[in-house]
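Below is one structure, written out as structure tokens, with a few remarks after it.
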Amino acid sequence: MNLTGKRVNFRKAKPKSNPYRVLVLLFLLLISVFVFRAVDQHEIVSPFDPTPIPTRMPSSYAMEGETHFIAGDLNKAIAAYQNAIQFEPQNYQLWSELARIRAYSSASMTTDADQHQRLQEALDAATKATDIAPDDSTAHAIRAFVLDWLANPALVGDQVESYKTQAEQEAVQALQLDNQNTLALAYYAEILVDQQKWLQAQQYAEQAIASDPSIMDVHRVYGYVLETLGDYLGAIDAYGKAVEIMPNLTYLYIQIGLNYRILAQKDTVLHSRFYDTALENFEKASTINEQLGINDPIPYIAIGKTYSQLGEFFIASLNMRHAVQINPTNPDSYGQLGIVYFKARNYEGSIEALKCAVNGCTPEESCAVRQCDPEIDQSIAIQGMPLTNTTVVYYYTYGSVLAAMHRPTEDKCTEAVAVLEEVKSQYANDATVLNIVNTSEEICASFGILP
């Protein structure tokens with residue numbers, strides 16, 4: 001290349017001035033001034049500034065719900081899943097898990113009405129899941145689980161068989177969709193137990209454990225199967241494995257304690273050891289609830305019943321009264337306290353507590369039962385519970401102790417006869433109940449007070 005006679009210049013040529021370009025630049029400069037002023041005065045928020053309230057991802061609510069469930073705080077878990085559903089109302093997995101947790105939370109309800117309401121809420125969620133995902137095996141499995149827990153005469157009356165049939169149909173459908181679904185296998189085993197098909201139930205429960213032993217539900221169900229078969233030590237072992245997976249689910253400790261209590265009643269040699277172990281598990285449940293700030297009277301009721309069986313009525317009544325204080329609006333807790341007072345031969349105290357459970361009582365009467373301070377503690381009127389298979393023991397005990405405490409100068413038989421007649425009308429075919437009623441009515445008849 002020949003560069004002779006030419007000067008090489010590596011600088012750009014100076015552009016000629018363009019009046020239109022100058023006007024554009026001046027306009028942009030003016031806009032910039034206004035923008036910066038608006039940002040400085042917070043009229044415009046910089047996209048790089050952090051938002052005042054962090055936006056929460058919907059999935060975080062589901063994670064929160066799972067965390068609370070593992071921690072044993074089922075009410076907070078339910079609330080978290082409800083929040084997640086608000087963001088993803090068509091997510092059937094959220095509805096299914098909400099149903100499962102609601103069902104487990106029903107175990108902490110002490111009245112039939114509360115249990116029924118919570119399980120009905122669980123069924124609504126489970127049905128929503130199957131409506132959204134009719135071909136999902138797990139959704140049908142969880143709906144089967146909820147229906148089976150609802151199939152309780154105290155909750156649904158004469159519709160029990162209908163609920164059992166629906167539960168079985170849901171479980172069968174779940175297995176048809178996926179015959180290896182672990183939850184479907186486990187829940188079907190539970191349903192088979194309630195249908196008294198014990199051999200089949202054990203086979204399905206063992207198949208569920210072989211499928212996935214990392215799921216709490218499969219060990220819980222296996223424990224239930226073994227408990228029903230009378231293998232209480234085997235049931236305790238199965239529930240213990242469930243505890244290893246979910247160490248803060250108090251329902252499991254209650255089940256373990258109940259099985260130890262049964263063993264204590266059957267074994268005259270080791271009964272003290274078994275009672276002590278039962279109490280340890282009930283106390284573990286109460287400790288977990290205290291740590292989580294959960295007001296659940298069930299562990300204290302279990303402790304009270306255990307001490308009552310041991311004949312230690314003073315400490316039994318203390319625990320039962322504590323259960324009342326934890327949940328002072330719950331008439332069942334008053335009934336439980338009344339039974340302990342009755343066994344301790346504290347008949348006056350028994351009448352006061354059982355009256356609250358059966359007929360209800362005024363704020364002053366409930367305060368006397370709770371031994372509360374009227375100036376500090378809440379004033380609470382108690383509504384009595386209807387007569388059911390769960391509450392009949394409160395009714396006939398109340399009627400009996402009233403009859404026993406009747407005096408010519410203190411009429412208690414009028415109330416006793418009214419209560420006993422209600423029991424008699426519904427339990428005329430129950431020989432045990434009828435014998436108690438007839439004996440108490442004979443006492444009142446001796447005073448001239450007849451039905």
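Residues are named by chain letter and number: chains run A, B, ... in the order of the structure tokens, numbers start at 1 in each chain, and ligands are numbered from 1 in the order shown.
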
Task: Nearby residues (only C-alpha atoms) at most 12 Å from Gln86 in chain A, same-chain spacing under 5 positions excluded, as number ranges by chain - done: A: 57-59, 61-62, 79-81, 91, 94-95

Write a file of the just-selected residues containing C-alpha atoms, as a PDB file, in the first residue's frame.
ATOM      1  CA  MET A  57     -44.472 -15.457  47.510  1.00  0.00           C
ATOM      2  CA  PRO A  58     -47.599 -17.656  47.670  1.00  0.00           C
ATOM      3  CA  SER A  59     -45.445 -20.780  48.067  1.00  0.00           C
ATOM      4  CA  TYR A  61     -47.444 -19.730  52.976  1.00  0.00           C
ATOM      5  CA  ALA A  62     -47.503 -23.439  52.120  1.00  0.00           C
ATOM      6  CA  ALA A  79     -54.216 -20.521  58.874  1.00  0.00           C
ATOM      7  CA  ALA A  80     -51.087 -20.629  56.694  1.00  0.00           C
ATOM      8  CA  TYR A  81     -52.646 -23.028  54.185  1.00  0.00           C
ATOM      9  CA  ASN A  91     -54.190 -25.668  43.736  1.00  0.00           C
ATOM     10  CA  LEU A  94     -53.152 -27.087  49.095  1.00  0.00           C
ATOM     11  CA  TRP A  95     -56.801 -28.040  49.598  1.00  0.00           C
TER      12      TRP A  95
END

Fewer than 6 positions away in the same chain doesn't count, so skip those; otherwise give me all residues within 10 Å of range 419-423 of chain A, counting only C-alpha atoms, as an MDAnalysis selection string. chainID A and resid 358:359 387:388 392:393 395:400 402:403 413 433:434 436:438 440:441 451

I need the chosen residues saved as a CSV table (one decimal), in the first residue's frame, with C-alpha atoms.
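Resulting contents of out-v1.csv:
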chain,number,residue,atom,x,y,z
A,358,VAL,CA,-75.6,-31.6,81.3
A,359,ASN,CA,-77.9,-28.6,81.8
A,387,LEU,CA,-77.4,-36.5,75.2
A,388,THR,CA,-75.2,-38.7,73.0
A,392,VAL,CA,-74.6,-40.3,78.5
A,393,VAL,CA,-72.1,-41.1,81.3
A,395,TYR,CA,-76.3,-37.7,82.4
A,396,TYR,CA,-76.8,-40.9,84.3
A,397,THR,CA,-74.0,-40.1,86.8
A,398,TYR,CA,-75.6,-36.7,87.4
A,399,GLY,CA,-79.1,-38.3,87.8
A,400,SER,CA,-77.7,-40.9,90.2
A,402,LEU,CA,-78.8,-36.3,92.7
A,403,ALA,CA,-81.0,-39.2,93.7
A,413,CYS,CA,-85.0,-36.0,93.1
A,433,VAL,CA,-77.4,-47.9,81.6
A,434,LEU,CA,-81.0,-49.0,82.3
A,436,ILE,CA,-78.2,-47.6,86.8
A,437,VAL,CA,-81.3,-45.5,85.9
A,438,ASN,CA,-83.8,-48.0,87.5
A,440,SER,CA,-81.7,-44.3,91.0
A,441,GLU,CA,-85.4,-44.0,90.2
A,451,PRO,CA,-91.3,-40.1,86.8

Run DSSP on the backbone of this structure and report the residues of range 380-450 of chain A it assigns to alpha helix (DSSP H), as a PyMOL selection string. chain A and resi 392-404+413-426+431-446

Could you please take those selected residues and save C-alpha atoms as a compact mmCIF listing (two decimals), in the first residue's frame?
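out_35.txt, written as the output of this step:
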# COMPACT_ATOMS: atom_id res chain seq x y z
CA VAL A 392 -74.56 -40.32 78.46
CA VAL A 393 -72.13 -41.09 81.30
CA TYR A 394 -72.48 -37.49 82.51
CA TYR A 395 -76.27 -37.73 82.37
CA TYR A 396 -76.75 -40.95 84.31
CA THR A 397 -74.02 -40.07 86.82
CA TYR A 398 -75.65 -36.68 87.41
CA GLY A 399 -79.05 -38.28 87.85
CA SER A 400 -77.68 -40.94 90.18
CA VAL A 401 -75.78 -38.58 92.46
CA LEU A 402 -78.79 -36.26 92.65
CA ALA A 403 -80.96 -39.19 93.71
CA ALA A 404 -78.39 -40.28 96.29
CA CYS A 413 -85.01 -36.04 93.05
CA THR A 414 -87.26 -33.86 90.90
CA GLU A 415 -84.25 -32.91 88.80
CA ALA A 416 -82.84 -36.44 89.02
CA VAL A 417 -86.00 -38.05 87.67
CA ALA A 418 -86.20 -35.62 84.76
CA VAL A 419 -82.61 -36.35 83.72
CA LEU A 420 -82.95 -40.12 84.20
CA GLU A 421 -86.15 -40.26 82.16
CA GLU A 422 -84.36 -38.58 79.25
CA VAL A 423 -81.64 -41.21 79.46
CA LYS A 424 -84.18 -44.01 79.71
CA SER A 425 -86.05 -42.85 76.61
CA GLN A 426 -82.93 -43.09 74.46
CA ALA A 431 -78.99 -53.07 80.01
CA THR A 432 -76.08 -51.46 81.86
CA VAL A 433 -77.43 -47.93 81.55
CA LEU A 434 -80.98 -49.05 82.30
CA ASN A 435 -79.88 -50.78 85.51
CA ILE A 436 -78.24 -47.56 86.76
CA VAL A 437 -81.33 -45.54 85.88
CA ASN A 438 -83.75 -47.98 87.53
CA THR A 439 -81.74 -48.10 90.75
CA SER A 440 -81.67 -44.32 91.00
CA GLU A 441 -85.38 -44.01 90.20
CA GLU A 442 -86.17 -46.51 92.98
CA ILE A 443 -84.37 -44.24 95.45
CA CYS A 444 -86.52 -41.29 94.40
CA ALA A 445 -89.65 -43.43 94.40
CA SER A 446 -88.97 -44.25 98.07

Near-range 317-329 of chain A list (8 Å; only C-alpha atoms; drop same-chain fewer than 5 positions) as a ChimeraX atom specification: /A:295-298,300-301,303-304,334,336-337,340-341,370,380-382

Export of the given selection (N, CA and C atoms) as an mmCIF file, in the first residue's frame:
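Wrote selection13.cif, looks like this:
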data_model
loop_
_atom_site.group_PDB
_atom_site.id
_atom_site.type_symbol
_atom_site.label_atom_id
_atom_site.label_comp_id
_atom_site.auth_asym_id
_atom_site.auth_seq_id
_atom_site.Cartn_x
_atom_site.Cartn_y
_atom_site.Cartn_z
ATOM 1 N N ASN A 295 -53.678 -23.898 74.105
ATOM 2 C CA ASN A 295 -54.545 -24.237 75.236
ATOM 3 C C ASN A 295 -55.364 -25.480 74.887
ATOM 4 N N ASP A 296 -54.826 -26.636 75.238
ATOM 5 C CA ASP A 296 -55.466 -27.907 74.930
ATOM 6 C C ASP A 296 -55.679 -28.667 76.237
ATOM 7 N N PRO A 297 -56.934 -28.898 76.631
ATOM 8 C CA PRO A 297 -57.188 -29.573 77.914
ATOM 9 C C PRO A 297 -56.982 -31.089 77.875
ATOM 10 N N ILE A 298 -56.884 -31.674 76.680
ATOM 11 C CA ILE A 298 -56.884 -33.136 76.562
ATOM 12 C C ILE A 298 -55.754 -33.802 77.352
ATOM 13 N N TYR A 300 -54.341 -32.916 80.082
ATOM 14 C CA TYR A 300 -54.646 -32.843 81.507
ATOM 15 C C TYR A 300 -55.827 -33.747 81.864
ATOM 16 N N ILE A 301 -56.771 -33.873 80.941
ATOM 17 C CA ILE A 301 -57.871 -34.815 81.160
ATOM 18 C C ILE A 301 -57.329 -36.239 81.212
ATOM 19 N N ILE A 303 -54.265 -37.147 82.046
ATOM 20 C CA ILE A 303 -53.529 -37.282 83.302
ATOM 21 C C ILE A 303 -54.497 -37.475 84.464
ATOM 22 N N GLY A 304 -55.563 -36.680 84.489
ATOM 23 C CA GLY A 304 -56.557 -36.793 85.551
ATOM 24 C C GLY A 304 -57.205 -38.166 85.593
ATOM 25 N N TYR A 334 -66.017 -29.843 82.226
ATOM 26 C CA TYR A 334 -66.775 -29.850 83.482
ATOM 27 C C TYR A 334 -67.301 -31.262 83.770
ATOM 28 N N GLN A 336 -65.939 -34.116 82.781
ATOM 29 C CA GLN A 336 -64.821 -34.953 83.204
ATOM 30 C C GLN A 336 -64.477 -34.690 84.675
ATOM 31 N N LEU A 337 -64.477 -33.426 85.055
ATOM 32 C CA LEU A 337 -64.196 -33.071 86.448
ATOM 33 C C LEU A 337 -65.265 -33.657 87.366
ATOM 34 N N VAL A 340 -64.627 -37.348 88.102
ATOM 35 C CA VAL A 340 -63.542 -37.543 89.072
ATOM 36 C C VAL A 340 -64.034 -37.222 90.488
ATOM 37 N N TYR A 341 -64.785 -36.130 90.637
ATOM 38 C CA TYR A 341 -65.330 -35.795 91.950
ATOM 39 C C TYR A 341 -66.242 -36.924 92.458
ATOM 40 N N ARG A 370 -64.848 -23.773 88.828
ATOM 41 C CA ARG A 370 -63.454 -23.492 88.444
ATOM 42 C C ARG A 370 -62.632 -22.962 89.614
ATOM 43 N N ILE A 380 -68.313 -16.568 82.756
ATOM 44 C CA ILE A 380 -68.692 -17.457 81.657
ATOM 45 C C ILE A 380 -69.928 -18.276 82.022
ATOM 46 N N ALA A 381 -70.947 -18.211 81.185
ATOM 47 C CA ALA A 381 -72.103 -19.093 81.300
ATOM 48 C C ALA A 381 -71.848 -20.314 80.416
ATOM 49 N N ILE A 382 -72.180 -21.506 80.910
ATOM 50 C CA ILE A 382 -71.922 -22.746 80.185
ATOM 51 C C ILE A 382 -73.219 -23.307 79.623
#

So that I can see what lies close to range 117-131 of chain A, please list as a PyMOL selection string the residues with an atom at most 10 Å from it, counting only C-alpha atoms and leaving out residues fewer than 3 positions away in the same chain. chain A and resi 89-107+109+112-114+134-147+149-150+155+170

(message) Can you pull out the residues contacting Asp73 in chain A? Cut-off 10 Å, using only C-alpha atoms, and skip same-chain residues under 2 positions away; I want them as a list in words.
(response) Gly65, Glu66, Thr67, His68, Phe69, Ile70, Ala71, Asn75, Lys76, Ala77, Ile78, Ser105, Asn248, Leu249, Thr250, Ile288, Asn289, Leu292, Gly293 and Ile294 of chain A

Could you write out the selected residues, including C-alpha atoms, as a compact mmCIF listing (two decimals), in the first residue's frame?
# COMPACT_ATOMS: atom_id res chain seq x y z
CA GLY A 65 -48.07 -24.33 56.98
CA GLU A 66 -45.89 -27.40 56.67
CA THR A 67 -43.46 -25.98 59.23
CA HIS A 68 -46.25 -25.31 61.74
CA PHE A 69 -47.65 -28.80 61.20
CA ILE A 70 -44.25 -30.36 61.90
CA ALA A 71 -43.92 -28.10 64.96
CA ASN A 75 -54.17 -24.13 64.10
CA LYS A 76 -51.34 -21.98 62.73
CA ALA A 77 -50.74 -24.56 60.02
CA ILE A 78 -54.39 -24.33 59.01
CA SER A 105 -56.71 -31.10 64.57
CA ASN A 248 -44.40 -32.51 68.18
CA LEU A 249 -47.75 -34.02 67.20
CA THR A 250 -49.37 -34.36 70.62
CA ILE A 288 -45.34 -29.36 73.90
CA ASN A 289 -48.63 -27.46 74.08
CA LEU A 292 -46.31 -23.60 71.61
CA GLY A 293 -48.80 -21.57 73.62
CA ILE A 294 -51.65 -23.98 72.78

**Study point:** Contact residues around Asn179 in chain A with only C-alpha atoms at 12 Å, ignoring same-chain residues under 5 positions, as a PyMOL selection string
**Key:** chain A and resi 137-138+141+171-174+184-186+188+204+207-208+211

Output N, CA and C atoms for every residue in the selection just made, as a PDB file, in the first residue's frame.
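Result saved to result29.pdb:
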ATOM      1  N   SER A 137     -54.919 -39.329  42.809  1.00  0.00           N
ATOM      2  CA  SER A 137     -55.080 -40.406  43.783  1.00  0.00           C
ATOM      3  C   SER A 137     -55.015 -39.894  45.221  1.00  0.00           C
ATOM      4  N   THR A 138     -54.060 -39.017  45.518  1.00  0.00           N
ATOM      5  CA  THR A 138     -53.880 -38.536  46.883  1.00  0.00           C
ATOM      6  C   THR A 138     -55.070 -37.710  47.351  1.00  0.00           C
ATOM      7  N   ALA A 141     -57.587 -40.108  48.407  1.00  0.00           N
ATOM      8  CA  ALA A 141     -57.148 -40.804  49.621  1.00  0.00           C
ATOM      9  C   ALA A 141     -57.421 -39.965  50.861  1.00  0.00           C
ATOM     10  N   ALA A 171     -61.417 -44.480  48.937  1.00  0.00           N
ATOM     11  CA  ALA A 171     -60.137 -45.190  49.052  1.00  0.00           C
ATOM     12  C   ALA A 171     -59.919 -46.127  47.874  1.00  0.00           C
ATOM     13  N   VAL A 172     -60.970 -46.826  47.480  1.00  0.00           N
ATOM     14  CA  VAL A 172     -60.865 -47.734  46.331  1.00  0.00           C
ATOM     15  C   VAL A 172     -60.542 -46.950  45.064  1.00  0.00           C
ATOM     16  N   GLN A 173     -61.207 -45.810  44.893  1.00  0.00           N
ATOM     17  CA  GLN A 173     -60.926 -44.978  43.711  1.00  0.00           C
ATOM     18  C   GLN A 173     -59.486 -44.480  43.717  1.00  0.00           C
ATOM     19  N   ALA A 174     -58.985 -44.104  44.903  1.00  0.00           N
ATOM     20  CA  ALA A 174     -57.599 -43.646  45.007  1.00  0.00           C
ATOM     21  C   ALA A 174     -56.631 -44.743  44.580  1.00  0.00           C
ATOM     22  N   ALA A 184     -53.010 -43.780  50.258  1.00  0.00           N
ATOM     23  CA  ALA A 184     -54.230 -44.516  49.927  1.00  0.00           C
ATOM     24  C   ALA A 184     -54.221 -45.889  50.588  1.00  0.00           C
ATOM     25  N   LEU A 185     -53.077 -46.554  50.574  1.00  0.00           N
ATOM     26  CA  LEU A 185     -52.956 -47.861  51.221  1.00  0.00           C
ATOM     27  C   LEU A 185     -53.190 -47.750  52.726  1.00  0.00           C
ATOM     28  N   ALA A 186     -52.582 -46.733  53.336  1.00  0.00           N
ATOM     29  CA  ALA A 186     -52.704 -46.556  54.789  1.00  0.00           C
ATOM     30  C   ALA A 186     -54.140 -46.223  55.187  1.00  0.00           C
ATOM     31  N   TYR A 188     -56.876 -46.750  53.576  1.00  0.00           N
ATOM     32  CA  TYR A 188     -57.773 -47.872  53.311  1.00  0.00           C
ATOM     33  C   TYR A 188     -57.675 -48.885  54.440  1.00  0.00           C
ATOM     34  N   TYR A 204     -52.910 -54.307  54.328  1.00  0.00           N
ATOM     35  CA  TYR A 204     -52.759 -53.009  53.657  1.00  0.00           C
ATOM     36  C   TYR A 204     -51.839 -52.083  54.448  1.00  0.00           C
ATOM     37  N   GLN A 207     -48.345 -53.135  53.807  1.00  0.00           N
ATOM     38  CA  GLN A 207     -47.976 -52.748  52.448  1.00  0.00           C
ATOM     39  C   GLN A 207     -47.636 -51.257  52.383  1.00  0.00           C
ATOM     40  N   ALA A 208     -48.366 -50.447  53.136  1.00  0.00           N
ATOM     41  CA  ALA A 208     -48.097 -49.002  53.169  1.00  0.00           C
ATOM     42  C   ALA A 208     -46.732 -48.724  53.775  1.00  0.00           C
ATOM     43  N   SER A 211     -44.096 -49.546  51.393  1.00  0.00           N
ATOM     44  CA  SER A 211     -44.070 -48.596  50.278  1.00  0.00           C
ATOM     45  C   SER A 211     -43.267 -47.352  50.622  1.00  0.00           C
TER      46      SER A 211
END

Determine the nearest neighbour of Glu168 in chain A from the options A:Thr110, A:Gln195, A:Ser272, A:Gln371, counting only C-alpha atoms.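 Checking each of A:Thr110, A:Gln195, A:Ser272, A:Gln371 against Glu168 in chain A, counting only C-alpha atoms, the winner is A:Gln195.
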
If I take CA of Lys164 in chain A and CA of Val193 in chain A, how far is one from the other in Å, to one decimal?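 Computing the Euclidean distance for CA of Lys164 in chain A and CA of Val193 in chain A yields 11.1 Å.
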
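Computed from the coordinates, the CA of Pro386 in chain A to CA of Lys412 in chain A distance equals 20.9 Å.
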
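When CA of Ala133 in chain A is paired with CA of Leu177 in chain A, their separation reads 11.8 Å.
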